[in-house]
Amino acid sequence: MTLTSAINAVAVVSQLKDKGYRITAQRQAMVEKLIEADKPLSASDIWEELKVQYRGISLDTVYRNLHILVDLGALIPINAMGKDSVRYELVYTSHHHHIVCVKCGKSQCIDYCPIEPQLIIMLKNHGYELVRHNLELFGVCHQCGAS
């Protein structure tokens with residue numbers, strides 16, 4: 001684990017502690033797997049890696065912890081299509097969105113946010129305060145389009 005990864009792990013664990021969650025070995029290992037990953041992971045990806053070390057861990061436990069981390073704002077769910085359609089990415093980069101290949105599920109970050117100030121004003125006028133948003137665009141990646 002790099003120094004940056006260790007700092008990110010500490011930040012996520014601090015968020016969990018601040019909200020009153022226990023830091024179990026399984027939860028800590030899950031956060032570390034998400035940080036070490038070079039791409040967004042599905043719940044099954046995480047479970048497959050963790051069940052080697054924690055034989056009793058269930059897929060339900062992984063999902064429950066993913067939902068906690070999303071609710072805390074520490075994870076971004078990236079919706080795709082097909083089996084294991086939702087993949088998760090830790091929030092330690094700047095705000096961004098994704099384009100997802102509808103054939104292979106690969107996602108690419110888009111460092112642009114189309115949410116305009118007028119939309120925020122309109123939401124407030126309708127009695128809402130935007131607390132977070134997520135936008136996925138769907139297309140066919142170069143590799144899938146070439147085949």
# chains A, B, ... in the order shown; residues from 1 in each chain; ligands from 1
call {"tool": "residues_around", "arguments": {"residues": "A:Arg87", "least_positions_apart": "4", "cutoff": "7 Å", "atoms": "only C-alpha atoms", "output": "count of residues only"}}
result
6
call {"tool": "select_by_dssp", "arguments": {"residues": "chain A", "states": "strand (DSSP E or B)", "output": "list in words"}}
result
Leu41, Ser42, Leu75, Ile76, Pro77, Ile78, Asn79, Val86, Arg87, Tyr88, Glu89, Leu90, His97, His98, Ile99, Val100, Cys101, Ser107, Gln108, Cys109, Ile110, Glu136, Leu137, Phe138 and Gly139 of chain A
call {"tool": "closest_residue", "arguments": {"among": "A:Pro114, A:Cys109, A:Cys104, A:Met122", "to": "A:Gln143", "atoms": "only C-alpha atoms"}}
result
A:Cys104
call {"tool": "residues_around", "arguments": {"residues": "A:Leu119", "least_positions_apart": "6", "cutoff": "12 Å", "atoms": "only C-alpha atoms", "output": "list in words"}}
result
Asn125, His126, Tyr128, Glu129 and Leu130 of chain A
call {"tool": "write_last_selection", "arguments": {"atoms": "C-alpha atoms", "output": "PDB file, in the first residue's frame"}}
result
ATOM      1  CA  ASN A 125     -37.214  26.777  -5.850  1.00  0.00           C
ATOM      2  CA  HIS A 126     -38.955  23.395  -5.740  1.00  0.00           C
ATOM      3  CA  TYR A 128     -34.925  20.548  -2.688  1.00  0.00           C
ATOM      4  CA  GLU A 129     -31.293  20.797  -1.744  1.00  0.00           C
ATOM      5  CA  LEU A 130     -28.981  18.741  -3.918  1.00  0.00           C
TER       6      LEU A 130
END
call {"tool": "residues_around", "arguments": {"residues": "A:Ile115", "least_positions_apart": "6", "cutoff": "12 Å", "atoms": "only C-alpha atoms", "output": "tab-separated table (two decimals) with N, CA, C and O atoms, in the first residue's frame"}}
result
chain	number	residue	atom	x	y	z
A	95	HIS	N	-14.48	15.57	-8.11
A	95	HIS	CA	-15.81	15.18	-8.57
A	95	HIS	C	-15.77	14.89	-10.07
A	95	HIS	O	-15.20	15.66	-10.83
A	96	HIS	N	-16.32	13.76	-10.47
A	96	HIS	CA	-16.34	13.40	-11.88
A	96	HIS	C	-17.47	12.43	-12.16
A	96	HIS	O	-18.12	11.94	-11.24
A	97	HIS	N	-17.67	12.15	-13.42
A	97	HIS	CA	-18.69	11.20	-13.85
A	97	HIS	C	-18.04	10.13	-14.72
A	97	HIS	O	-16.81	10.11	-14.83
A	121	ILE	N	-30.56	26.20	-8.65
A	121	ILE	CA	-31.57	27.22	-8.30
A	121	ILE	C	-32.97	26.67	-8.47
A	121	ILE	O	-33.84	26.84	-7.61
A	122	MET	N	-33.21	25.96	-9.58
A	122	MET	CA	-34.52	25.39	-9.84
A	122	MET	C	-34.90	24.38	-8.75
A	122	MET	O	-36.03	24.37	-8.25
A	123	LEU	N	-33.94	23.54	-8.36
A	123	LEU	CA	-34.20	22.56	-7.30
A	123	LEU	C	-34.56	23.26	-5.99
A	123	LEU	O	-35.49	22.84	-5.30
A	130	LEU	N	-29.76	19.82	-3.32
A	130	LEU	CA	-28.98	18.74	-3.92
A	130	LEU	C	-27.86	18.36	-2.96
A	130	LEU	O	-27.05	19.20	-2.58
A	132	ARG	N	-26.05	15.18	-3.42
A	132	ARG	CA	-25.08	14.50	-4.27
A	132	ARG	C	-25.76	14.09	-5.56
A	132	ARG	O	-26.98	14.04	-5.63
A	133	HIS	N	-24.97	13.79	-6.55
A	133	HIS	CA	-25.52	13.31	-7.81
A	133	HIS	C	-24.49	12.42	-8.48
A	133	HIS	O	-23.31	12.45	-8.14
A	134	ASN	N	-24.97	11.64	-9.41
A	134	ASN	CA	-24.13	10.70	-10.12
A	134	ASN	C	-24.66	10.60	-11.54
A	134	ASN	O	-25.87	10.44	-11.74
A	135	LEU	N	-23.81	10.71	-12.51
A	135	LEU	CA	-24.23	10.65	-13.90
A	135	LEU	C	-23.38	9.62	-14.63
A	135	LEU	O	-22.16	9.67	-14.57
call {"tool": "atom_distance", "arguments": {"atom1": "atom CA of A:Glu89", "atom2": "atom CA of A:Pro117"}}
result
25.9 Å
call {"tool": "residues_around", "arguments": {"residues": "A:Ala43", "least_positions_apart": "2", "cutoff": "12 Å", "atoms": "only C-alpha atoms", "output": "count of residues only"}}
result
31
call {"tool": "residues_around", "arguments": {"residues": "A:Gln15", "least_positions_apart": "4", "cutoff": "8 Å", "atoms": "only C-alpha atoms", "output": "MDAnalysis selection string"}}
result
chainID A and resid 11 19 72
